[in-house]
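**Student:** My structure is in start_21.cif, and what it holds is mmCIF, C-alpha atoms:
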```cif
data_upload
loop_
_atom_site.group_PDB
_atom_site.id
_atom_site.type_symbol
_atom_site.label_atom_id
_atom_site.label_comp_id
_atom_site.auth_asym_id
_atom_site.auth_seq_id
_atom_site.Cartn_x
_atom_site.Cartn_y
_atom_site.Cartn_z
ATOM 1 C CA MET A 139 2.334 13.321 8.073
ATOM 2 C CA ILE A 140 0.898 10.739 5.714
ATOM 3 C CA HIS A 141 2.874 8.487 3.393
ATOM 4 C CA SER A 142 2.262 7.157 -0.066
ATOM 5 C CA MET A 143 2.646 3.404 -0.503
ATOM 6 C CA THR A 144 4.852 3.937 -3.555
ATOM 7 C CA GLY A 145 8.432 5.052 -3.061
ATOM 8 C CA TYR A 146 12.135 4.452 -3.588
ATOM 9 C CA GLY A 147 15.142 4.757 -1.311
ATOM 10 C CA ARG A 148 18.825 3.902 -1.584
ATOM 11 C CA ALA A 149 21.814 4.004 0.731
ATOM 12 C CA VAL A 150 25.490 3.046 0.343
ATOM 13 C CA LYS A 151 28.017 2.792 3.186
ATOM 14 C CA THR A 152 31.472 1.376 3.684
ATOM 15 C CA LEU A 153 31.713 -0.462 6.995
ATOM 16 C CA ASN A 154 34.443 -2.806 8.226
ATOM 17 C CA GLY A 155 36.053 -3.155 4.826
ATOM 18 C CA ARG A 156 32.833 -3.837 2.925
ATOM 19 C CA GLU A 157 30.692 -1.647 0.695
ATOM 20 C CA ILE A 158 27.041 -2.272 1.556
ATOM 21 C CA THR A 159 24.281 -1.087 -0.774
ATOM 22 C CA VAL A 160 20.584 -1.225 0.100
ATOM 23 C CA GLU A 161 17.827 -0.300 -2.353
ATOM 24 C CA MET A 162 14.108 -0.233 -1.557
ATOM 25 C CA ARG A 163 11.114 0.228 -3.801
ATOM 26 C CA SER A 164 7.412 -0.341 -3.197
ATOM 27 C CA VAL A 165 3.992 -0.349 -4.822
ATOM 28 C CA ASN A 166 0.455 -0.463 -3.462
ATOM 29 C CA ASN A 167 -0.666 -3.504 -1.531
ATOM 30 C CA ARG A 168 -3.436 -4.198 0.944
ATOM 31 C CA PHE A 169 -0.984 -5.388 3.602
ATOM 32 C CA LEU A 170 2.784 -5.244 4.137
ATOM 33 C CA ASP A 171 4.557 -7.718 1.856
ATOM 34 C CA CYS A 172 8.316 -7.418 2.255
ATOM 35 C CA SER A 173 10.741 -9.315 0.020
ATOM 36 C CA VAL A 174 14.524 -9.187 0.602
ATOM 37 C CA LYS A 175 17.149 -10.276 -1.920
ATOM 38 C CA MET A 176 20.731 -10.414 -0.662
ATOM 39 C CA PRO A 177 23.937 -12.478 -1.047
ATOM 40 C CA ARG A 178 23.440 -16.009 0.172
ATOM 41 C CA ALA A 179 26.495 -15.742 2.407
ATOM 42 C CA PHE A 180 24.707 -13.028 4.434
ATOM 43 C CA SER A 181 21.209 -14.499 4.412
ATOM 44 C CA TYR A 182 21.321 -14.771 8.209
ATOM 45 C CA ALA A 183 20.714 -10.982 8.285
ATOM 46 C CA GLU A 184 17.408 -11.185 6.387
ATOM 47 C CA ASP A 185 15.113 -11.422 9.420
ATOM 48 C CA ALA A 186 16.771 -8.419 11.064
ATOM 49 C CA VAL A 187 16.324 -6.389 7.865
ATOM 50 C CA LYS A 188 12.636 -7.315 7.618
ATOM 51 C CA GLN A 189 12.057 -6.448 11.261
ATOM 52 C CA LYS A 190 13.647 -3.022 10.789
ATOM 53 C CA ILE A 191 11.347 -2.351 7.831
ATOM 54 C CA LYS A 192 8.230 -3.550 9.685
ATOM 55 C CA GLU A 193 8.958 -1.047 12.443
ATOM 56 C CA GLN A 194 8.589 1.867 10.012
ATOM 57 C CA VAL A 195 6.402 0.667 7.119
ATOM 58 C CA SER A 196 2.797 -0.502 7.577
ATOM 59 C CA ARG A 197 1.516 -1.307 4.078
ATOM 60 C CA GLY A 198 2.752 -1.902 0.549
ATOM 61 C CA LYS A 199 4.652 -4.478 -1.449
ATOM 62 C CA VAL A 200 8.261 -3.635 -0.562
ATOM 63 C CA ASP A 201 11.198 -5.101 -2.483
ATOM 64 C CA VAL A 202 14.634 -4.762 -0.907
ATOM 65 C CA PHE A 203 17.892 -5.416 -2.741
ATOM 66 C CA ILE A 204 21.132 -5.701 -0.769
ATOM 67 C CA SER A 205 24.677 -6.147 -2.075
ATOM 68 C CA VAL A 206 27.815 -6.613 0.037
ATOM 69 C CA ASN A 207 31.215 -6.215 -1.635
ATOM 70 C CA ALA A 208 34.644 -6.585 0.000
ATOM 71 C CA LEU A 209 36.912 -3.630 -0.805
ATOM 72 C CA GLU A 210 40.094 -5.575 -0.027
ATOM 73 C CA GLY A 211 41.033 -9.199 -0.570
ATOM 74 C CA GLU A 212 39.857 -11.230 2.369
ATOM 75 C CA ASN A 213 42.402 -13.268 4.277
ATOM 76 C CA VAL A 214 41.559 -16.554 2.551
ATOM 77 C CA LYS A 215 43.884 -19.556 2.861
ATOM 78 C CA ILE A 216 43.833 -22.205 0.101
ATOM 79 C CA SER A 217 45.617 -25.531 0.537
ATOM 80 C CA LEU A 218 45.673 -28.952 -1.144
ATOM 81 C CA ASN A 219 43.468 -31.680 0.190
ATOM 82 C CA ARG A 220 46.214 -34.267 -0.302
ATOM 83 C CA PRO A 221 44.303 -37.455 0.605
ATOM 84 C CA VAL A 222 41.570 -36.570 -1.904
ATOM 85 C CA LEU A 223 44.091 -35.551 -4.594
ATOM 86 C CA GLU A 224 46.093 -38.765 -4.172
ATOM 87 C CA GLY A 225 42.896 -40.788 -4.371
ATOM 88 C CA TYR A 226 42.004 -39.136 -7.695
ATOM 89 C CA LEU A 227 45.548 -39.783 -9.029
ATOM 90 C CA ALA A 228 45.464 -43.434 -8.054
ATOM 91 C CA ALA A 229 42.070 -43.955 -9.642
ATOM 92 C CA LEU A 230 43.096 -42.222 -12.876
ATOM 93 C CA ARG A 231 46.309 -44.253 -13.158
ATOM 94 C CA THR A 232 44.333 -47.453 -12.611
ATOM 95 C CA ILE A 233 42.055 -46.489 -15.482
ATOM 96 C CA ALA A 234 45.063 -45.849 -17.740
ATOM 97 C CA SER A 235 46.725 -49.147 -16.804
ATOM 98 C CA ASP A 236 43.731 -51.491 -16.713
ATOM 99 C CA TYR A 237 42.011 -50.162 -19.808
ATOM 100 C CA GLU A 238 45.100 -49.271 -21.840
ATOM 101 C CA VAL A 239 44.113 -45.643 -22.411
ATOM 102 C CA ARG A 240 46.491 -42.720 -22.788
ATOM 103 C CA ASP A 241 47.589 -41.173 -19.537
ATOM 104 C CA ASP A 242 46.864 -37.453 -20.048
ATOM 105 C CA ILE A 243 46.559 -36.414 -16.395
ATOM 106 C CA SER A 244 47.320 -32.693 -15.937
ATOM 107 C CA VAL A 245 47.284 -30.167 -13.119
ATOM 108 C CA THR A 246 44.471 -28.250 -14.807
ATOM 109 C CA ALA A 247 42.319 -31.363 -15.067
ATOM 110 C CA LEU A 248 42.956 -32.365 -11.465
ATOM 111 C CA SER A 249 42.146 -28.868 -10.167
ATOM 112 C CA ARG A 250 38.598 -29.201 -11.489
ATOM 113 C CA TYR A 251 37.732 -32.197 -9.364
ATOM 114 C CA PRO A 252 35.603 -31.575 -6.251
ATOM 115 C CA ASP A 253 37.315 -31.096 -2.888
ATOM 116 C CA VAL A 254 40.860 -31.000 -4.296
ATOM 117 C CA PHE A 255 41.391 -27.677 -2.533
ATOM 118 C CA VAL A 256 40.585 -26.696 1.029
ATOM 119 C CA VAL A 257 39.445 -23.054 1.317
ATOM 120 C CA GLU A 258 39.735 -21.570 4.784
ATOM 121 C CA LYS A 259 38.114 -18.207 5.443
ATOM 122 C CA PRO A 260 38.424 -16.196 8.633
ATOM 123 C CA GLU A 261 35.486 -16.706 10.961
ATOM 124 C CA GLU A 262 32.697 -14.198 10.296
ATOM 125 C CA ASP A 263 31.420 -11.935 13.033
ATOM 126 C CA GLU A 264 27.752 -12.433 12.208
ATOM 127 C CA LYS A 265 26.484 -9.991 14.835
ATOM 128 C CA GLN A 266 28.676 -7.232 13.454
ATOM 129 C CA ASN A 267 27.655 -8.011 9.876
ATOM 130 C CA ILE A 268 23.976 -7.896 10.834
ATOM 131 C CA ALA A 269 24.499 -4.579 12.620
ATOM 132 C CA ASP A 270 26.263 -3.122 9.572
ATOM 133 C CA ILE A 271 23.588 -4.260 7.105
ATOM 134 C CA VAL A 272 20.765 -3.038 9.362
ATOM 135 C CA SER A 273 22.530 0.317 9.738
ATOM 136 C CA VAL A 274 22.598 0.856 5.974
ATOM 137 C CA THR A 275 19.020 -0.424 5.733
ATOM 138 C CA GLN A 276 17.926 2.244 8.218
ATOM 139 C CA GLU A 277 19.461 4.973 6.067
ATOM 140 C CA ALA A 278 17.717 3.560 2.979
ATOM 141 C CA ILE A 279 14.413 3.513 4.888
ATOM 142 C CA GLU A 280 14.855 7.181 5.820
ATOM 143 C CA ASN A 281 15.419 8.141 2.179
ATOM 144 C CA TYR A 282 12.508 5.934 1.129
ATOM 145 C CA ASN A 283 10.178 7.477 3.720
ATOM 146 C CA ALA A 284 11.230 10.989 2.721
ATOM 147 C CA MET A 285 10.109 10.309 -0.832
ATOM 148 C CA ARG A 286 6.865 8.723 0.374
ATOM 149 C CA ALA A 287 6.185 11.706 2.645
ATOM 150 C CA THR A 288 6.612 14.138 -0.256
ATOM 151 C CA GLU A 289 4.158 12.172 -2.345
ATOM 152 C CA GLY A 290 1.877 11.801 0.678
ATOM 153 C CA ALA A 291 1.714 15.582 1.092
ATOM 154 C CA ALA A 292 0.666 15.908 -2.555
ATOM 155 C CA LEU A 293 -2.013 13.243 -2.059
ATOM 156 C CA ALA A 294 -3.336 15.024 1.037
ATOM 157 C CA ALA A 295 -3.573 18.320 -0.858
ATOM 158 C CA ASP A 296 -5.466 16.600 -3.669
ATOM 159 C CA LEU A 297 -7.886 14.927 -1.245
ATOM 160 C CA ARG A 298 -8.571 18.258 0.442
ATOM 161 C CA ALA A 299 -9.310 19.833 -2.933
ATOM 162 C CA HIS A 300 -11.840 17.116 -3.761
ATOM 163 C CA ALA A 301 -13.384 17.424 -0.288
ATOM 164 C CA ALA A 302 -13.836 21.168 -0.823
ATOM 165 C CA VAL A 303 -15.683 20.505 -4.083
ATOM 166 C CA ILE A 304 -17.939 17.964 -2.338
ATOM 167 C CA LEU A 305 -18.699 20.478 0.408
ATOM 168 C CA ARG A 306 -19.816 23.048 -2.174
ATOM 169 C CA TYR A 307 -22.245 20.555 -3.677
ATOM 170 C CA VAL A 308 -23.484 19.561 -0.209
ATOM 171 C CA GLU A 309 -24.302 23.232 0.354
ATOM 172 C CA LYS A 310 -26.240 23.254 -2.920
ATOM 173 C CA VAL A 311 -28.132 20.136 -1.824
ATOM 174 C CA GLU A 312 -28.989 21.804 1.490
ATOM 175 C CA GLU A 313 -30.158 24.976 -0.270
ATOM 176 C CA ARG A 314 -32.337 23.018 -2.672
ATOM 177 C CA SER A 315 -33.706 20.569 -0.107
ATOM 178 C CA PRO A 316 -36.449 22.811 1.422
ATOM 179 C CA VAL A 317 -37.675 23.679 -2.072
ATOM 180 C CA THR A 318 -37.707 19.998 -3.043
ATOM 181 C CA VAL A 319 -39.654 19.061 0.081
ATOM 182 C CA ALA A 320 -42.162 21.888 -0.450
ATOM 183 C CA GLU A 321 -42.695 20.965 -4.103
ATOM 184 C CA TYR A 322 -43.119 17.301 -3.231
ATOM 185 C CA ARG A 323 -45.585 18.197 -0.474
ATOM 186 C CA THR A 324 -47.647 20.314 -2.865
ATOM 187 C CA ARG A 325 -47.756 17.509 -5.415
ATOM 188 C CA LEU A 326 -48.872 15.070 -2.732
ATOM 189 C CA GLU A 327 -51.618 17.381 -1.487
ATOM 190 C CA ASN A 328 -52.942 17.887 -5.003
ATOM 191 C CA LYS A 329 -52.818 14.159 -5.693
ATOM 192 C CA LEU A 330 -54.618 13.344 -2.449
ATOM 193 C CA ARG A 331 -57.349 15.892 -3.191
ATOM 194 C CA GLU A 332 -57.725 14.423 -6.662
ATOM 195 C CA VAL A 333 -57.979 10.861 -5.373
ATOM 196 C CA LEU A 334 -60.256 11.757 -2.456
ATOM 197 C CA GLU A 335 -62.401 14.232 -4.375
ATOM 198 C CA SER A 336 -65.571 12.175 -3.995
ATOM 199 C CA THR A 337 -64.878 11.353 -0.355
ATOM 200 C CA THR A 338 -65.684 13.459 2.627
ATOM 201 C CA ILE A 339 -62.394 14.011 4.492
ATOM 202 C CA ASP A 340 -61.036 16.763 6.658
ATOM 203 C CA GLU A 341 -58.782 19.146 4.707
ATOM 204 C CA SER A 342 -56.341 19.297 7.622
ATOM 205 C CA ARG A 343 -55.962 15.503 7.431
ATOM 206 C CA ILE A 344 -54.849 15.806 3.809
ATOM 207 C CA VAL A 345 -52.328 18.477 4.724
ATOM 208 C CA THR A 346 -51.001 16.393 7.638
ATOM 209 C CA GLU A 347 -50.623 13.216 5.592
ATOM 210 C CA ALA A 348 -48.861 15.118 2.798
ATOM 211 C CA ALA A 349 -46.457 16.653 5.304
ATOM 212 C CA ILE A 350 -45.609 13.247 6.775
ATOM 213 C CA PHE A 351 -44.773 11.771 3.387
ATOM 214 C CA ALA A 352 -42.952 14.923 2.245
ATOM 215 C CA ASP A 353 -40.589 14.644 5.202
ATOM 216 C CA LYS A 354 -39.353 11.371 3.764
ATOM 217 C CA VAL A 355 -37.608 13.213 0.927
ATOM 218 C CA ALA A 356 -35.787 15.574 3.287
ATOM 219 C CA VAL A 357 -32.026 14.985 3.273
ATOM 220 C CA ASP A 358 -30.990 16.996 6.343
ATOM 221 C CA GLU A 359 -29.718 13.949 8.232
ATOM 222 C CA GLU A 360 -27.666 12.735 5.261
ATOM 223 C CA THR A 361 -26.002 16.084 4.629
ATOM 224 C CA VAL A 362 -25.162 16.445 8.323
ATOM 225 C CA ARG A 363 -23.510 13.028 8.308
ATOM 226 C CA LEU A 364 -21.725 13.799 5.040
ATOM 227 C CA ARG A 365 -20.328 16.990 6.540
ATOM 228 C CA SER A 366 -19.245 15.014 9.604
ATOM 229 C CA HIS A 367 -17.420 12.457 7.417
ATOM 230 C CA LEU A 368 -15.619 15.228 5.531
ATOM 231 C CA SER A 369 -14.569 16.723 8.876
ATOM 232 C CA GLN A 370 -13.282 13.325 10.017
ATOM 233 C CA MET A 371 -11.300 12.982 6.799
ATOM 234 C CA GLU A 372 -9.641 16.320 7.456
ATOM 235 C CA SER A 373 -8.797 15.216 11.016
ATOM 236 C CA LEU A 374 -7.185 12.031 9.693
ATOM 237 C CA LEU A 375 -5.162 13.937 7.101
ATOM 238 C CA SER A 376 -3.996 16.409 9.733
ATOM 239 C CA GLY A 377 -3.151 13.687 12.246
ATOM 240 C CA GLY A 378 -1.120 11.631 9.766
ATOM 241 C CA GLY A 379 0.135 8.095 10.297
ATOM 242 C CA ALA A 380 -1.103 4.937 8.601
ATOM 243 C CA ILE A 381 -4.625 6.156 7.745
ATOM 244 C CA GLY A 382 -5.287 4.400 4.423
ATOM 245 C CA ARG A 383 -7.708 1.797 5.797
ATOM 246 C CA LYS A 384 -9.570 4.363 7.905
ATOM 247 C CA LEU A 385 -9.989 6.625 4.887
ATOM 248 C CA ASP A 386 -11.257 3.695 2.861
ATOM 249 C CA PHE A 387 -13.941 2.954 5.475
ATOM 250 C CA LEU A 388 -14.878 6.639 5.703
ATOM 251 C CA LEU A 389 -15.258 6.805 1.939
ATOM 252 C CA GLN A 390 -17.720 3.900 2.019
ATOM 253 C CA GLU A 391 -19.829 5.831 4.513
ATOM 254 C CA MET A 392 -19.766 8.970 2.355
ATOM 255 C CA ASN A 393 -20.849 6.972 -0.677
ATOM 256 C CA ARG A 394 -23.723 5.532 1.347
ATOM 257 C CA GLU A 395 -24.950 9.014 2.282
ATOM 258 C CA ALA A 396 -24.653 10.239 -1.312
ATOM 259 C CA ASN A 397 -26.635 7.237 -2.561
ATOM 260 C CA THR A 398 -29.372 7.887 0.018
ATOM 261 C CA ILE A 399 -29.631 11.540 -1.012
ATOM 262 C CA GLY A 400 -29.903 10.449 -4.625
ATOM 263 C CA SER A 401 -32.644 7.923 -3.893
ATOM 264 C CA LYS A 402 -34.789 10.250 -1.750
ATOM 265 C CA GLY A 403 -35.805 12.788 -4.315
ATOM 266 C CA ASN A 404 -37.107 12.949 -7.836
ATOM 267 C CA ASP A 405 -35.558 16.335 -8.500
ATOM 268 C CA LEU A 406 -33.321 16.958 -11.508
ATOM 269 C CA GLU A 407 -31.154 19.591 -9.847
ATOM 270 C CA GLN A 408 -30.568 17.430 -6.774
ATOM 271 C CA ALA A 409 -29.729 14.491 -9.035
ATOM 272 C CA ARG A 410 -27.065 16.600 -10.751
ATOM 273 C CA ASN A 411 -25.619 17.620 -7.391
ATOM 274 C CA VAL A 412 -25.431 13.975 -6.289
ATOM 275 C CA VAL A 413 -23.707 12.971 -9.539
ATOM 276 C CA GLU A 414 -21.045 15.618 -8.936
ATOM 277 C CA ILE A 415 -20.566 14.474 -5.322
ATOM 278 C CA LYS A 416 -20.172 10.846 -6.410
ATOM 279 C CA ALA A 417 -17.703 11.852 -9.128
ATOM 280 C CA GLU A 418 -15.517 13.560 -6.524
ATOM 281 C CA LEU A 419 -15.832 10.579 -4.176
ATOM 282 C CA GLU A 420 -14.585 8.301 -6.959
ATOM 283 C CA LYS A 421 -11.540 10.545 -7.412
ATOM 284 C CA ILE A 422 -10.916 10.329 -3.680
ATOM 285 C CA ARG A 423 -11.231 6.535 -3.825
ATOM 286 C CA GLU A 424 -8.541 6.334 -6.504
ATOM 287 C CA GLN A 425 -6.146 8.446 -4.446
ATOM 288 C CA ILE A 426 -6.799 6.622 -1.181
ATOM 289 C CA GLN A 427 -5.511 3.420 -2.791
ATOM 290 C CA ASN A 428 -2.051 5.032 -2.750
ATOM 291 C CA ILE A 429 -2.035 5.996 0.937
ATOM 292 C CA GLU A 430 -0.352 3.833 3.568
#
```
Could you write out this file's structure as structure tokens?

**Tutor:**
Amino acid sequence: MIHSMTGYGRAVKTLNGREITVEMRSVNNRFLDCSVKMPRAFSYAEDAVKQKIKEQVSRGKVDVFISVNALEGENVKISLNRPVLEGYLAALRTIASDYEVRDDISVTALSRYPDVFVVEKPEEDEKQNIADIVSVTQEAIENYNAMRATEGAALAADLRAHAAVILRYVEKVEERSPVTVAEYRTRLENKLREVLESTTIDESRIVTEAAIFADKVAVDEETVRLRSHLSQMESLLSGGGAIGRKLDFLLQEMNREANTIGSKGNDLEQARNVVEIKAELEKIREQIQNIE
């Protein structure tokens, strides 16, 4: 099974009195680039989330959004920080007395000063929180991978269709190749006879030299290698996994063979066949960019 690098997955779970939501989305990228955005109070879980994603995703720019909401009021204790409050009061009264300004001290005003209140929260079980967040992340990854697998299957089908078209044109190249070689050989023989008309030279030598040069326009080796590359592509698609980089390398090799075929002959029909092959290879290149 192959995966697309673009996908989306979401999961929501209620665990230990908290609703945890994890959303994932990704686009194409040469390597894995994972970014996690989550509440600052739970930032200690970020590394565990990234590690879980790395275990199951190889490439792509992955953005992860996590929210954690308490379903019930947490057992928070708020008390006055009396020494700080009394210090503020004393300072304010000194201002009013020494500078003869109106004393308008109020509870509301005092409550806005820093450290007037002491907020005590129950101690967090960080290990449990990490386990809960990672659990929901795993479910989001499964949904995300399911979507990527569906798109990956469509990409594989499209690549196979383009490969089939290329194979048809390779067959046309192979059918035309003997004719091209024979025509080129005949032209060479005639040209050699014309050039060497006033020179005494063995006729068999002309034929031999023409045959040697004519062999240089034969494309048997290139078509064999091109067929082999197409077979390897099918093996990669059937095997699945993270094959994007391998396909990219294979495509470079196929382009090289197509270019060699195009440069070997001066035949219009072969040139048309090569143009069609290269057009299909370009379509494959565009699709490979989406494969993990």

**Student:** Under the PyMOL selection byres ((chain A and resi 215) around 8), which residues of this model are included? Write them out as number ranges by chain.

**Tutor:** A: 213-214, 216-217, 257-259

**Student:** Go ahead and write the selection's residues with C-alpha atoms as a CSV table (one decimal), in the frame of the given file.

**Tutor:**
```csv
chain,number,residue,atom,x,y,z
A,213,ASN,CA,42.4,-13.3,4.3
A,214,VAL,CA,41.6,-16.6,2.6
A,216,ILE,CA,43.8,-22.2,0.1
A,217,SER,CA,45.6,-25.5,0.5
A,257,VAL,CA,39.4,-23.1,1.3
A,258,GLU,CA,39.7,-21.6,4.8
A,259,LYS,CA,38.1,-18.2,5.4
```

**Student:** Using the chain letters and numbering of this document, enumerate as a PyMOL selection string the residues selected by the PyMOL selection byres ((chain A and resi 167) around 7).

**Tutor:** chain A and resi 165-166+168-170+197-199

**Student:** Name every residue that the PyMOL selection byres ((chain A and resi 290) around 9) selects in this structure, writing the answer as a list in words with chains first and numbers rising.

**Tutor:**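 What the PyMOL selection byres ((chain A and resi 290) around 9) grabs from the file is Met139, Ile140, His141, Ser142, Met143, Met285, Arg286, Ala287, Thr288, Glu289, Ala291, Ala292, Leu293, Ala294, Ala295, Asn428, Ile429 and Glu430 of chain A.
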
**Student:** Just the number, please: distance in Å from CA of Leu297 (chain A) to CA of Cys172 (chain A), one decimal.

**Tutor:**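 Between CA of Leu297 (chain A) and CA of Cys172 (chain A) the gap is 27.8 Å.
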
**Student:** Between CA of Gly379 (chain A) and CA of Ala149 (chain A), what is the distance in Å, rounded to a tenth?

**Tutor:**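 Separation of CA of Gly379 (chain A) and CA of Ala149 (chain A): 24.0 Å.
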
**Student:** Of the candidates A:Leu368, A:Leu385, A:Ser315, A:Arg298, which one gets nearest to Asn404 (chain A) if we count only C-alpha atoms?

**Tutor:**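 Once distances to Asn404 (chain A) are computed over only C-alpha atoms, the minimum belongs to A:Ser315.
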
**Student:** Please compute the CA of Arg156 (chain A)-CA of Val206 (chain A) distance, one decimal, in Å.

**Tutor:**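 CA of Arg156 (chain A) sits 6.4 Å away from CA of Val206 (chain A).
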
**Student:** Counting all atoms listed in the file, figure out which residue out of A:Tyr226, A:Arg365, A:Ala302, A:Val357 gets nearest to Asn397 (chain A).

**Tutor:** A:Val357

**Student:** Using only C-alpha atoms, which of the listed residues (A:Ser164, A:Thr152, A:Ser235, A:Gln194) sits closest to Asp270 (chain A)?

**Tutor:**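 Ranked by minimum distance to Asp270 (chain A), first place goes to A:Thr152.
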
**Student:** Under the rule that only C-alpha atoms are counted, which of A:Leu364, A:Ala183, A:Val311, A:Val412 is the nearest residue to Gln390 (chain A)?

**Tutor:**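 Among A:Leu364, A:Ala183, A:Val311, A:Val412, it is A:Leu364 that comes nearest to Gln390 (chain A).
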